[in-house]
Structure formats: structure tokens, C-alpha cells
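Visitor: Below is the file protein05.pdb, which contains PDB, C-alpha atoms and all ligand atoms.
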ATOM      1  CA  MET A  48      11.840  -6.711 -21.558
ATOM      2  CA  PRO A  49      14.026  -4.267 -19.689
ATOM      3  CA  THR A  50      14.612  -3.801 -16.002
ATOM      4  CA  ALA A  51      13.309  -0.492 -14.705
ATOM      5  CA  LEU A  52      15.280   1.808 -12.429
ATOM      6  CA  VAL A  53      12.887   4.082 -10.566
ATOM      7  CA  THR A  54      14.100   6.939  -8.411
ATOM      8  CA  HIS A  55      14.002  10.740  -8.209
ATOM      9  CA  ALA A  56      16.525  13.538  -7.685
ATOM     10  CA  GLU A  57      14.499  14.716  -4.668
ATOM     11  CA  CYS A  58      15.628  11.579  -2.812
ATOM     12  CA  LEU A  59      19.112  13.146  -2.751
ATOM     13  CA  ARG A  60      17.904  16.315  -0.999
ATOM     14  CA  HIS A  61      16.639  14.603   2.153
ATOM     15  CA  ASP A  62      19.530  15.142   4.559
ATOM     16  CA  MET A  63      19.593  14.344   8.282
ATOM     17  CA  GLY A  64      22.924  15.983   9.070
ATOM     18  CA  ALA A  65      26.599  15.686   8.218
ATOM     19  CA  HIS A  66      27.269  12.713  10.481
ATOM     20  CA  HIS A  67      24.119  10.721   9.843
ATOM     21  CA  PRO A  68      24.873   7.347   8.197
ATOM     22  CA  GLU A  69      21.699   7.434   6.068
ATOM     23  CA  ARG A  70      23.063  10.069   3.720
ATOM     24  CA  PRO A  71      22.523  11.167   0.120
ATOM     25  CA  GLU A  72      25.896   9.776  -0.982
ATOM     26  CA  ARG A  73      24.443   6.267  -0.601
ATOM     27  CA  LEU A  74      22.459   6.732  -3.809
ATOM     28  CA  SER A  75      25.469   8.168  -5.627
ATOM     29  CA  ALA A  76      27.538   5.147  -4.596
ATOM     30  CA  ILE A  77      24.999   2.823  -6.226
ATOM     31  CA  GLU A  78      24.741   5.006  -9.307
ATOM     32  CA  ASP A  79      28.545   5.052  -9.685
ATOM     33  CA  GLN A  80      28.691   1.253  -9.635
ATOM     34  CA  LEU A  81      25.867   0.886 -12.150
ATOM     35  CA  ILE A  82      27.690   3.214 -14.531
ATOM     36  CA  SER A  83      31.247   1.970 -14.083
ATOM     37  CA  SER A  84      30.166  -1.677 -14.388
ATOM     38  CA  GLY A  85      28.458  -1.063 -17.716
ATOM     39  CA  LEU A  86      25.080  -2.208 -16.361
ATOM     40  CA  ALA A  87      23.397   1.198 -16.669
ATOM     41  CA  PRO A  88      22.523   0.801 -20.396
ATOM     42  CA  TYR A  89      20.472  -2.303 -19.544
ATOM     43  CA  LEU A  90      18.228  -0.294 -17.223
ATOM     44  CA  VAL A  91      15.351   1.963 -18.263
ATOM     45  CA  ARG A  92      15.085   4.979 -15.981
ATOM     46  CA  HIS A  93      11.856   6.417 -14.684
ATOM     47  CA  ASP A  94      11.237   9.441 -12.481
ATOM     48  CA  ALA A  95       9.320   8.434  -9.378
ATOM     49  CA  PRO A  96       5.954  10.173  -8.910
ATOM     50  CA  LEU A  97       4.744  11.387  -5.531
ATOM     51  CA  ALA A  98       2.767   8.656  -3.777
ATOM     52  CA  THR A  99      -0.867   9.659  -3.331
ATOM     53  CA  ASP A 100      -2.740   9.725  -0.037
ATOM     54  CA  GLU A 101      -4.882   6.874  -1.365
ATOM     55  CA  GLN A 102      -1.804   4.717  -1.983
ATOM     56  CA  LEU A 103      -0.264   5.540   1.396
ATOM     57  CA  SER A 104      -3.541   5.044   3.258
ATOM     58  CA  ARG A 105      -3.603   1.351   2.325
ATOM     59  CA  VAL A 106      -0.715   1.049   4.810
ATOM     60  CA  HIS A 107      -0.769   4.102   7.076
ATOM     61  CA  PRO A 108      -3.903   5.731   8.540
ATOM     62  CA  ARG A 109      -4.738   9.030   6.839
ATOM     63  CA  GLU A 110      -4.216  10.781  10.186
ATOM     64  CA  TYR A 111      -0.605   9.578  10.233
ATOM     65  CA  VAL A 112       0.069  10.767   6.688
ATOM     66  CA  GLN A 113      -1.528  14.115   7.513
ATOM     67  CA  ALA A 114       0.549  14.422  10.690
ATOM     68  CA  ILE A 115       3.758  13.845   8.692
ATOM     69  CA  ARG A 116       2.680  16.529   6.221
ATOM     70  CA  GLU A 117       1.966  18.936   9.081
ATOM     71  CA  VAL A 118       5.283  18.494  10.922
ATOM     72  CA  ALA A 119       7.392  18.748   7.730
ATOM     73  CA  PRO A 120       9.550  21.841   8.267
ATOM     74  CA  SER A 121       9.826  24.700   5.787
ATOM     75  CA  ARG A 122      13.331  25.353   7.134
ATOM     76  CA  GLY A 123      15.671  23.692   9.592
ATOM     77  CA  THR A 124      15.337  20.128  10.804
ATOM     78  CA  ILE A 125      12.818  18.348  13.039
ATOM     79  CA  HIS A 126      13.146  14.898  14.585
ATOM     80  CA  LEU A 127      10.456  12.203  14.362
ATOM     81  CA  ASP A 128      12.516   9.893  16.576
ATOM     82  CA  PRO A 129      16.133  10.094  17.785
ATOM     83  CA  ASP A 130      17.368   8.556  14.478
ATOM     84  CA  THR A 131      14.886   9.988  12.003
ATOM     85  CA  ALA A 132      14.781  13.636  10.978
ATOM     86  CA  MET A 133      13.045  15.753   8.353
ATOM     87  CA  ASN A 134      14.528  18.705   6.500
ATOM     88  CA  PRO A 135      12.509  20.836   4.035
ATOM     89  CA  TYR A 136      13.016  18.235   1.288
ATOM     90  CA  THR A 137      12.260  15.115   3.279
ATOM     91  CA  LEU A 138       8.499  15.067   2.762
ATOM     92  CA  ASN A 139       8.837  15.003  -1.008
ATOM     93  CA  ALA A 140      11.695  12.489  -0.843
ATOM     94  CA  ALA A 141       9.536  10.170   1.274
ATOM     95  CA  LEU A 142       6.578  10.601  -1.101
ATOM     96  CA  ARG A 143       8.871   9.884  -4.086
ATOM     97  CA  ALA A 144      10.339   6.810  -2.365
ATOM     98  CA  ALA A 145       6.889   5.304  -1.845
ATOM     99  CA  GLY A 146       5.820   6.529  -5.288
ATOM    100  CA  ALA A 147       8.821   4.779  -6.844
ATOM    101  CA  ALA A 148       7.715   1.487  -5.341
ATOM    102  CA  VAL A 149       4.206   2.040  -6.724
ATOM    103  CA  LEU A 150       5.389   2.949 -10.228
ATOM    104  CA  ALA A 151       7.838   0.018 -10.257
ATOM    105  CA  THR A 152       4.951  -2.284  -9.356
ATOM    106  CA  ASP A 153       2.790  -0.805 -12.122
ATOM    107  CA  LEU A 154       5.583  -1.243 -14.688
ATOM    108  CA  VAL A 155       6.235  -4.856 -13.752
ATOM    109  CA  LEU A 156       2.609  -5.923 -13.339
ATOM    110  CA  GLY A 157       1.624  -3.960 -16.444
ATOM    111  CA  GLY A 158       4.112  -5.908 -18.538
ATOM    112  CA  LYS A 159       6.292  -2.893 -19.284
ATOM    113  CA  ALA A 160       9.320  -4.230 -17.362
ATOM    114  CA  ASP A 161      10.399  -7.662 -16.217
ATOM    115  CA  SER A 162      11.745  -6.375 -12.948
ATOM    116  CA  ALA A 163      12.514  -3.083 -11.241
ATOM    117  CA  PHE A 164      14.938  -1.600  -8.753
ATOM    118  CA  CYS A 165      14.208   1.527  -6.717
ATOM    119  CA  PRO A 166      17.325   3.155  -5.254
ATOM    120  CA  VAL A 167      15.430   5.575  -3.032
ATOM    121  CA  ARG A 168      15.614   7.165   0.401
ATOM    122  CA  PRO A 169      14.336   7.505   3.048
ATOM    123  CA  PRO A 170      14.101   3.729   3.445
ATOM    124  CA  GLY A 171      10.884   2.151   4.725
ATOM    125  CA  HIS A 172      10.939  -1.183   6.496
ATOM    126  CA  HIS A 173      10.991   0.190  10.068
ATOM    127  CA  ALA A 174       7.998   2.456   9.405
ATOM    128  CA  CYS A 175       5.032   0.987  11.270
ATOM    129  CA  ARG A 176       1.404   1.770  10.541
ATOM    130  CA  THR A 177       1.418   4.795  12.852
ATOM    131  CA  ARG A 178       5.053   5.371  13.697
ATOM    132  CA  ALA A 179       8.173   6.653  11.918
ATOM    133  CA  MET A 180      11.415   5.202  13.227
ATOM    134  CA  GLY A 181      14.863   3.932  12.273
ATOM    135  CA  PHE A 182      15.398   6.398   9.366
ATOM    136  CA  CYS A 183      11.988   5.379   7.880
ATOM    137  CA  ILE A 184       8.823   7.455   7.399
ATOM    138  CA  PHE A 185       6.551   5.594   4.969
ATOM    139  CA  ASN A 186       6.879   1.837   4.459
ATOM    140  CA  ASN A 187       7.706   1.848   0.764
ATOM    141  CA  VAL A 188       7.677  -1.895   0.155
ATOM    142  CA  ALA A 189       4.400  -2.255   2.063
ATOM    143  CA  VAL A 190       2.808   0.447  -0.082
ATOM    144  CA  ALA A 191       3.918  -1.528  -3.153
ATOM    145  CA  ALA A 192       2.493  -4.792  -1.806
ATOM    146  CA  ARG A 193      -0.890  -3.267  -0.998
ATOM    147  CA  HIS A 194      -0.938  -1.512  -4.385
ATOM    148  CA  ALA A 195      -0.307  -4.829  -6.146
ATOM    149  CA  ILE A 196      -3.217  -6.370  -4.258
ATOM    150  CA  ALA A 197      -5.685  -3.464  -4.382
ATOM    151  CA  GLN A 198      -4.957  -2.078  -7.839
ATOM    152  CA  HIS A 199      -3.810  -5.161  -9.759
ATOM    153  CA  GLY A 200      -5.881  -7.820  -8.023
ATOM    154  CA  LEU A 201      -3.004  -9.997  -6.866
ATOM    155  CA  GLU A 202      -3.767 -12.492  -4.132
ATOM    156  CA  ARG A 203      -0.288 -13.537  -3.004
ATOM    157  CA  VAL A 204       2.716 -11.211  -2.657
ATOM    158  CA  ALA A 205       6.044 -12.161  -1.071
ATOM    159  CA  ILE A 206       8.284  -9.633   0.672
ATOM    160  CA  ILE A 207      11.920 -10.688   1.011
ATOM    161  CA  ASP A 208      13.886  -8.632   3.543
ATOM    162  CA  PHE A 209      17.641  -9.269   3.770
ATOM    163  CA  ASP A 210      18.521  -6.036   5.567
ATOM    164  CA  VAL A 211      20.602  -6.646   8.707
ATOM    165  CA  HIS A 212      17.834  -5.112  10.830
ATOM    166  CA  HIS A 213      14.472  -6.783  11.335
ATOM    167  CA  GLY A 214      11.732  -5.134   9.250
ATOM    168  CA  ASN A 215       9.522  -4.507  12.242
ATOM    169  CA  GLY A 216       7.366  -2.006  10.381
ATOM    170  CA  THR A 217       6.586  -4.446   7.591
ATOM    171  CA  GLU A 218       5.796  -7.111  10.181
ATOM    172  CA  ASP A 219       3.527  -4.673  12.045
ATOM    173  CA  ILE A 220       1.615  -3.970   8.836
ATOM    174  CA  PHE A 221       1.250  -7.527   7.500
ATOM    175  CA  SER A 222       1.099  -9.841  10.528
ATOM    176  CA  ASP A 223      -1.679 -12.387   9.896
ATOM    177  CA  ASP A 224      -2.359 -10.972   6.404
ATOM    178  CA  GLU A 225      -2.806 -14.144   4.371
ATOM    179  CA  GLN A 226      -2.157 -12.341   1.087
ATOM    180  CA  VAL A 227       1.408 -11.460   2.106
ATOM    181  CA  LEU A 228       4.309 -13.711   3.078
ATOM    182  CA  MET A 229       7.319 -12.011   4.634
ATOM    183  CA  ALA A 230      10.671 -13.817   4.659
ATOM    184  CA  SER A 231      13.502 -12.152   6.526
ATOM    185  CA  ILE A 232      16.908 -12.638   8.053
ATOM    186  CA  PHE A 233      18.351 -10.193  10.548
ATOM    187  CA  GLN A 234      20.994  -9.915  13.208
ATOM    188  CA  HIS A 235      19.604 -10.788  16.631
ATOM    189  CA  PRO A 236      19.683  -9.519  19.287
ATOM    190  CA  PHE A 237      19.987  -6.149  17.589
ATOM    191  CA  TYR A 238      17.955  -3.059  16.702
ATOM    192  CA  PRO A 239      14.922  -2.955  16.674
ATOM    193  CA  TYR A 240      14.851  -6.015  18.986
ATOM    194  CA  SER A 241      11.813  -7.558  17.339
ATOM    195  CA  GLY A 242      10.910 -10.465  15.069
ATOM    196  CA  THR A 243      11.497 -13.334  17.461
ATOM    197  CA  ASP A 244       8.603 -13.091  19.902
ATOM    198  CA  ASP A 245       5.928 -15.430  18.496
ATOM    199  CA  PRO A 246       5.722 -14.083  14.915
ATOM    200  CA  ALA A 247       2.472 -14.539  12.972
ATOM    201  CA  PRO A 248       2.284 -17.638  10.738
ATOM    202  CA  ASN A 249       2.911 -15.608   7.548
ATOM    203  CA  MET A 250       6.249 -14.353   8.940
ATOM    204  CA  TYR A 251       9.317 -16.455   8.133
ATOM    205  CA  ASN A 252      11.892 -14.735  10.297
ATOM    206  CA  VAL A 253      15.378 -16.147  10.730
ATOM    207  CA  PRO A 254      17.408 -14.379  13.424
ATOM    208  CA  LEU A 255      21.176 -14.699  12.935
ATOM    209  CA  ALA A 256      23.787 -14.311  15.657
ATOM    210  CA  ALA A 257      26.476 -11.638  15.326
ATOM    211  CA  GLY A 258      29.331 -13.018  13.228
ATOM    212  CA  SER A 259      27.050 -15.065  10.940
ATOM    213  CA  GLY A 260      27.868 -14.969   7.230
ATOM    214  CA  GLY A 261      27.119 -16.602   3.905
ATOM    215  CA  LYS A 262      26.862 -20.108   5.309
ATOM    216  CA  GLU A 263      24.134 -19.116   7.772
ATOM    217  CA  LEU A 264      22.378 -17.098   5.052
ATOM    218  CA  ARG A 265      22.321 -20.131   2.756
ATOM    219  CA  ARG A 266      20.926 -22.336   5.484
ATOM    220  CA  ALA A 267      18.177 -19.827   6.330
ATOM    221  CA  VAL A 268      17.144 -19.385   2.720
ATOM    222  CA  SER A 269      17.292 -23.087   1.823
ATOM    223  CA  GLU A 270      15.669 -24.461   4.953
ATOM    224  CA  VAL A 271      13.147 -21.757   5.855
ATOM    225  CA  TRP A 272      12.452 -19.294   3.051
ATOM    226  CA  LEU A 273      12.362 -21.518  -0.023
ATOM    227  CA  PRO A 274      10.026 -24.237   1.322
ATOM    228  CA  ALA A 275       7.615 -21.549   2.539
ATOM    229  CA  LEU A 276       7.750 -19.707  -0.777
ATOM    230  CA  GLU A 277       7.185 -22.882  -2.801
ATOM    231  CA  GLU A 278       4.020 -23.513  -0.852
ATOM    232  CA  PHE A 279       2.872 -19.890  -0.995
ATOM    233  CA  ARG A 280       3.447 -19.496  -4.765
ATOM    234  CA  PRO A 281       3.847 -15.697  -4.842
ATOM    235  CA  GLU A 282       2.514 -13.811  -7.848
ATOM    236  CA  LEU A 283       5.045 -11.029  -7.234
ATOM    237  CA  VAL A 284       8.356 -11.004  -5.352
ATOM    238  CA  LEU A 285       9.207  -7.759  -3.575
ATOM    239  CA  PHE A 286      12.577  -7.108  -1.970
ATOM    240  CA  SER A 287      13.346  -4.931   1.013
ATOM    241  CA  ALA A 288      16.923  -4.732  -0.207
ATOM    242  CA  GLY A 289      19.216  -3.610   2.596
ATOM    243  CA  PHE A 290      22.935  -4.184   2.225
ATOM    244  CA  ASP A 291      24.038  -3.483   5.799
ATOM    245  CA  ALA A 292      24.727  -7.152   6.635
ATOM    246  CA  HIS A 293      27.913  -6.791   4.573
ATOM    247  CA  VAL A 294      31.127  -7.553   6.447
ATOM    248  CA  GLU A 295      32.473  -4.103   5.542
ATOM    249  CA  ASP A 296      29.425  -2.339   6.987
ATOM    250  CA  ASP A 297      30.086  -1.020  10.489
ATOM    251  CA  MET A 298      26.407  -0.633  11.301
ATOM    252  CA  ALA A 299      26.120  -4.275  12.373
ATOM    253  CA  MET A 300      28.054  -7.485  12.852
ATOM    254  CA  LEU A 301      27.032  -9.918  10.123
ATOM    255  CA  ARG A 302      29.617 -10.979   7.567
ATOM    256  CA  PHE A 303      27.993 -11.178   4.138
ATOM    257  CA  VAL A 304      30.144 -10.553   1.066
ATOM    258  CA  ASP A 305      29.222  -9.177  -2.378
ATOM    259  CA  GLY A 306      28.561 -12.629  -3.812
ATOM    260  CA  ASP A 307      26.051 -13.448  -1.083
ATOM    261  CA  TYR A 308      23.753 -10.767  -2.476
ATOM    262  CA  ARG A 309      24.042 -12.310  -5.912
ATOM    263  CA  TRP A 310      23.292 -15.761  -4.502
ATOM    264  CA  VAL A 311      20.238 -14.751  -2.488
ATOM    265  CA  THR A 312      18.836 -12.786  -5.421
ATOM    266  CA  GLU A 313      19.353 -15.790  -7.722
ATOM    267  CA  GLN A 314      17.379 -18.007  -5.356
ATOM    268  CA  LEU A 315      14.492 -15.572  -5.316
ATOM    269  CA  ALA A 316      14.676 -14.979  -9.065
ATOM    270  CA  ALA A 317      14.170 -18.725  -9.480
ATOM    271  CA  VAL A 318      11.124 -18.591  -7.192
ATOM    272  CA  ALA A 319       9.779 -15.627  -9.155
ATOM    273  CA  LYS A 320      10.341 -17.473 -12.427
ATOM    274  CA  ARG A 321       8.510 -20.572 -11.212
ATOM    275  CA  HIS A 322       5.488 -18.817  -9.734
ATOM    276  CA  ALA A 323       5.364 -15.125 -10.606
ATOM    277  CA  GLY A 324       6.291 -14.936 -14.277
ATOM    278  CA  GLY A 325       9.697 -13.652 -13.132
ATOM    279  CA  ARG A 326       8.167 -10.473 -11.721
ATOM    280  CA  MET A 327      10.368  -8.805  -9.105
ATOM    281  CA  VAL A 328      10.390  -5.320  -7.589
ATOM    282  CA  SER A 329      13.211  -4.305  -5.269
ATOM    283  CA  VAL A 330      13.284  -1.280  -2.987
ATOM    284  CA  LEU A 331      16.443  -0.072  -1.248
ATOM    285  CA  GLU A 332      16.558  -0.180   2.541
ATOM    286  CA  GLY A 333      19.879   0.087   4.455
ATOM    287  CA  GLY A 334      23.570  -0.185   3.580
ATOM    288  CA  TYR A 335      25.974   2.358   5.003
ATOM    289  CA  SER A 336      29.475   1.438   3.828
ATOM    290  CA  LEU A 337      29.349   3.336   0.551
ATOM    291  CA  ASP A 338      31.728   1.066  -1.324
ATOM    292  CA  ALA A 339      30.196  -2.217  -0.132
ATOM    293  CA  LEU A 340      26.699  -0.802  -0.703
ATOM    294  CA  GLY A 341      27.457   0.080  -4.314
ATOM    295  CA  ARG A 342      29.099  -3.256  -5.086
ATOM    296  CA  SER A 343      26.428  -5.333  -3.348
ATOM    297  CA  ALA A 344      23.570  -3.453  -4.978
ATOM    298  CA  LEU A 345      25.270  -4.038  -8.311
ATOM    299  CA  GLN A 346      25.320  -7.794  -7.688
ATOM    300  CA  HIS A 347      21.626  -7.678  -6.794
ATOM    301  CA  VAL A 348      20.601  -5.601  -9.824
ATOM    302  CA  ARG A 349      22.645  -7.757 -12.210
ATOM    303  CA  VAL A 350      20.504 -10.726 -11.252
ATOM    304  CA  LEU A 351      17.274  -8.691 -11.458
ATOM    305  CA  ALA A 352      18.287  -7.642 -14.958
ATOM    306  CA  GLY A 353      19.407 -11.109 -15.981
ATOM    307  CA  VAL A 354      22.860  -9.801 -16.880
ATOM    308  CA  SER A 355      25.685 -12.012 -15.677
TER     309      SER A 355
HETATM  310 ZN    ZN B   1      19.241  -1.910   8.151
END
Will you turn the file into C-alpha cells for me?

Guide:
Amino acid sequence: MPTALVTHAECLRHDMGAHHPERPERLSAIEDQLISSGLAPYLVRHDAPLATDEQLSRVHPREYVQAIREVAPSRGTIHLDPDTAMNPYTLNAALRAAGAAVLATDLVLGGKADSAFCPVRPPGHHACRTRAMGFCIFNNVAVAARHAIAQHGLERVAIIDFDVHHGNGTEDIFSDDEQVLMASIFQHPFYPYSGTDDPAPNMYNVPLAAGSGGKELRRAVSEVWLPALEEFRPELVLFSAGFDAHVEDDMAMLRFVDGDYRWVTEQLAAVAKRHAGGRMVSVLEGGYSLDALGRSALQHVRVLAGVS
């Protein structure tokens, strides 16, 4: 069965200003790599629907969703936090980003795709239950996890977060939720300065010092993530796929290379194959060096698609 690619043109119209690193060109950089590498024909494209209030409310209180709808500008730009802004297209982009994660989950759990990748923006893993921050408005991967549980009856979902920043929003949402295991690596100490202070038992957080690279990634995955995942036996593997730990990415100071993203995805694909019927859904988070982002995402999607 094919690998699904779920996104929407409206994700390109969310724009936080000419000098903001989370910019529309990020999606074009990924698209360019998928096309020039010859991988695009292996992917089946789907337009992301708008997430519904019911889907969002499994993660965010309805009052929060309503407040986001109410502050969305009809012209100009408003700020939700110093890093996170909305233009007139942002609300729909955010609804499409969460909707992409939901549709991707439906496709994979409905047996219509083996795996799925959602190159969407705004990203989601810093979005807490009641707070937008760090370029994120709705927690896309969290909406997918709760959808898999509520709509498809899954009991165990793993969220793998290899973005250079700690997914504090995802941790806020799922701490002590026995149906969800979150495995993450992140630069520490670094924005958002969380993830190390007595995490809940379902959080497998591995902080990495600035300058860490593939060797430290391999140790974290082999010694912390994989034993936990073997015990947990996830029925679905979700990725918060951020590519900003790349050595070429100026946002942070980790030193991953393209092949590290292939390696980590291979490890998780093996977990998914053993326990989850190979079912994987990946949602884009960070990654701000356009070239490294495109190449790294390509490595990740190649493994999702089983194309070497
Ligand atoms: Zn990040």
C-alpha cells in the first residue's frame, strides 16, 4: 500500500513576516526534494480537511479553540506570543495542519495507506492545552493521537519527537496518560526549558547537551527509547518530525546529519513493524535551514515509504 502525503495549499499562506524563520518556503523546500529525488511518484497526495471543533476539543478546551477563532485577524497580523503570529490565513492553515494529522491517521488506521507524512505548518508540539507558543497554535500530533484513541479505539499510541526543542505542549497534554508514550530528544538547556524536571512516567525524555550529534542520538534511542517502546507495544507510531537538530540549522546547536534522520526513522519503523502492523504517521514540526530541512525530510519519508 502507498504512503500518503497530506497537506494543503492554505498552509503556505500562513506568514509571520519576512524575517520569521517559520516561513512558507519550508514546505516548498521539502516538496522540491521529494520531486527532484524521484520519490514523489511513490506518494499519494491528499488535501487536508479542516479539523473540526470535536477533534480539536479532545486536546484543547473548546474555550481555547473559540478564543483562537475570535482573535484571528481579517487583515494585518496579531501576535499570540512574541514568536507566534496570525495573519488572515493562519486560522485555516492551523485547522488544515491539525486536519492533515487526523486524515493521515484515518488513512493509515483504515488500511488505505501504510504510512503517512504531513508537511504542514504551523507546527504543533509547543502548543499546550490552553496556550499557543513557539510558532504553534494547535498541537497537531496530539490531535492525531487522541483521534486514534477516541475514533479508532486504539489503546496504546507512541509519539516520537526528534525536534531539537522539547515538545512541552505534547508533554503538557499527555503527562500521566497511560494510553500514550512520548519519546523525545532535545537540546538542553534550551527553549522552552522544560522536559527535565521530574517528567511523568510515560515520558521518555533524553536531554542532549549542545554539540551532541549522531552518536548521542544513537545512545538515546538504543538505551532509552527502544526498551520503553518494546514494553509499551504501540499500536500506532506518530512522529513529531522536526529537523532543526541538523548541524546546518542555525536555530540550535545539535549536530545531526541527513543520515541520522534515516537511522532514527529506521529504528522506529522496525518498532512499528513489530507491534503496530507498520503503521506510522509523521507530522512536520521544526527545521529552518531550507536545504537541510528538505534533505532530512527526504531521508525520513524514504524510510516511511519503504523506498531505499
Ligand atoms: Zn524545533

Visitor: Taking only C-alpha atoms and all ligand atoms and a cut-off of 8 Å, can you tell me which residues surround ligand ZN 1 (chain B), written as a PyMOL selection string?

Guide: chain A and resi 210-213+289-292+298+332-334

Visitor: Between atom CA of A:Pro120 and atom CA of A:Asn186, measure the distance and give it in Å to one decimal.

Guide: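 Separating atom CA of A:Pro120 from atom CA of A:Asn186 is a distance of 20.5 Å.
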
Visitor: Take the PyMOL selection byres (((chain A and resi 214-216) around 7) and not hetatm), apply it to the structure above, and return the hits as JSON, numbers by chain.

Guide: {"A": [172, 173, 174, 175, 212, 213, 217, 218, 219, 220, 241, 242]}

Visitor: Deliver the residues from the most recent selection as a file, using C-alpha atoms, as a PDB file, in the coordinates of the input.

Guide:
ATOM      1  CA  HIS A 172      10.939  -1.183   6.496  1.00  0.00           C
ATOM      2  CA  HIS A 173      10.991   0.190  10.068  1.00  0.00           C
ATOM      3  CA  ALA A 174       7.998   2.456   9.405  1.00  0.00           C
ATOM      4  CA  CYS A 175       5.032   0.987  11.270  1.00  0.00           C
ATOM      5  CA  HIS A 212      17.834  -5.112  10.830  1.00  0.00           C
ATOM      6  CA  HIS A 213      14.472  -6.783  11.335  1.00  0.00           C
ATOM      7  CA  THR A 217       6.586  -4.446   7.591  1.00  0.00           C
ATOM      8  CA  GLU A 218       5.796  -7.111  10.181  1.00  0.00           C
ATOM      9  CA  ASP A 219       3.527  -4.673  12.045  1.00  0.00           C
ATOM     10  CA  ILE A 220       1.615  -3.970   8.836  1.00  0.00           C
ATOM     11  CA  SER A 241      11.813  -7.558  17.339  1.00  0.00           C
ATOM     12  CA  GLY A 242      10.910 -10.465  15.069  1.00  0.00           C
TER      13      GLY A 242
END

Visitor: Considering all atoms listed in the file, return as a ChimeraX atom specification whatever protein or nucleic-acid residues lie within 10 Å of stretch 203-207 of chain A, sequence-local ones (same chain, fewer than 3 positions apart) excluded.

Guide: /A:188-189,191-193,195-196,200,210,214,217,224-232,249-251,272,276,279-288,311-312,315,319,323,327-329

Visitor: Using all atoms listed in the file, which residue out of A:Gly306, A:Pro129, A:Gly261, A:Pro49 lies closest to A:Leu154?

Guide: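 Nearest to A:Leu154: A:Pro49.
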
Visitor: List the residues selected by the PyMOL selection byres (((chain A and resi 74-90) around 12) and not hetatm) in the file shown, writing them as a PyMOL selection string.

Guide: chain A and resi 48-61+69-73+91-93+160-170+290+331-355

Visitor: One number please: atom CA of A:Leu255 to atom CA of A:Phe209, in Å, one decimal.

Guide: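 These atoms are spaced 11.2 Å apart.
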
Visitor: Between atom CA of A:Arg178 and atom CA of A:Val106, what distance in Å does the model show, to one decimal?

Guide: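 The value is 11.4 Å.
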
Visitor: Would you please work out which residue, of A:Ala197, A:Ala247, A:Met300, A:Leu138, is nearest to A:Ala119 when using all atoms listed in the file?

Guide: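 Looking at the shortest contact to A:Ala119, the residue is A:Leu138.
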
Visitor: What do you get, as a list in words, if you spell out every residue that the PyMOL selection byres (((chain A and resi 134) around 10) and not hetatm) selects here?

Guide: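 Evaluating the PyMOL selection byres (((chain A and resi 134) around 10) and not hetatm) on this file yields Arg60, His61, Asp62, Met63, Gly64, Ala119, Pro120, Ser121, Arg122, Gly123, Thr124, Ile125, His126, Ala132, Met133, Pro135, Tyr136, Thr137 and Leu138 of chain A.
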
Visitor: Restrict the selected residues to C-alpha atoms and save them as a PDB file, keeping the file's coordinate frame.

Guide:
ATOM      1  CA  ARG A  60      17.904  16.315  -0.999  1.00  0.00           C
ATOM      2  CA  HIS A  61      16.639  14.603   2.153  1.00  0.00           C
ATOM      3  CA  ASP A  62      19.530  15.142   4.559  1.00  0.00           C
ATOM      4  CA  MET A  63      19.593  14.344   8.282  1.00  0.00           C
ATOM      5  CA  GLY A  64      22.924  15.983   9.070  1.00  0.00           C
ATOM      6  CA  ALA A 119       7.392  18.748   7.730  1.00  0.00           C
ATOM      7  CA  PRO A 120       9.550  21.841   8.267  1.00  0.00           C
ATOM      8  CA  SER A 121       9.826  24.700   5.787  1.00  0.00           C
ATOM      9  CA  ARG A 122      13.331  25.353   7.134  1.00  0.00           C
ATOM     10  CA  GLY A 123      15.671  23.692   9.592  1.00  0.00           C
ATOM     11  CA  THR A 124      15.337  20.128  10.804  1.00  0.00           C
ATOM     12  CA  ILE A 125      12.818  18.348  13.039  1.00  0.00           C
ATOM     13  CA  HIS A 126      13.146  14.898  14.585  1.00  0.00           C
ATOM     14  CA  ALA A 132      14.781  13.636  10.978  1.00  0.00           C
ATOM     15  CA  MET A 133      13.045  15.753   8.353  1.00  0.00           C
ATOM     16  CA  PRO A 135      12.509  20.836   4.035  1.00  0.00           C
ATOM     17  CA  TYR A 136      13.016  18.235   1.288  1.00  0.00           C
ATOM     18  CA  THR A 137      12.260  15.115   3.279  1.00  0.00           C
ATOM     19  CA  LEU A 138       8.499  15.067   2.762  1.00  0.00           C
TER      20      LEU A 138
END

Visitor: Which of these residues is nearest to A:Glu277, using all atoms listed in the file: A:Ala179, A:Val318, A:Ala140, A:Ala256?

Guide: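 Looking only at the distances to A:Glu277, the closest residue turns out to be A:Val318.
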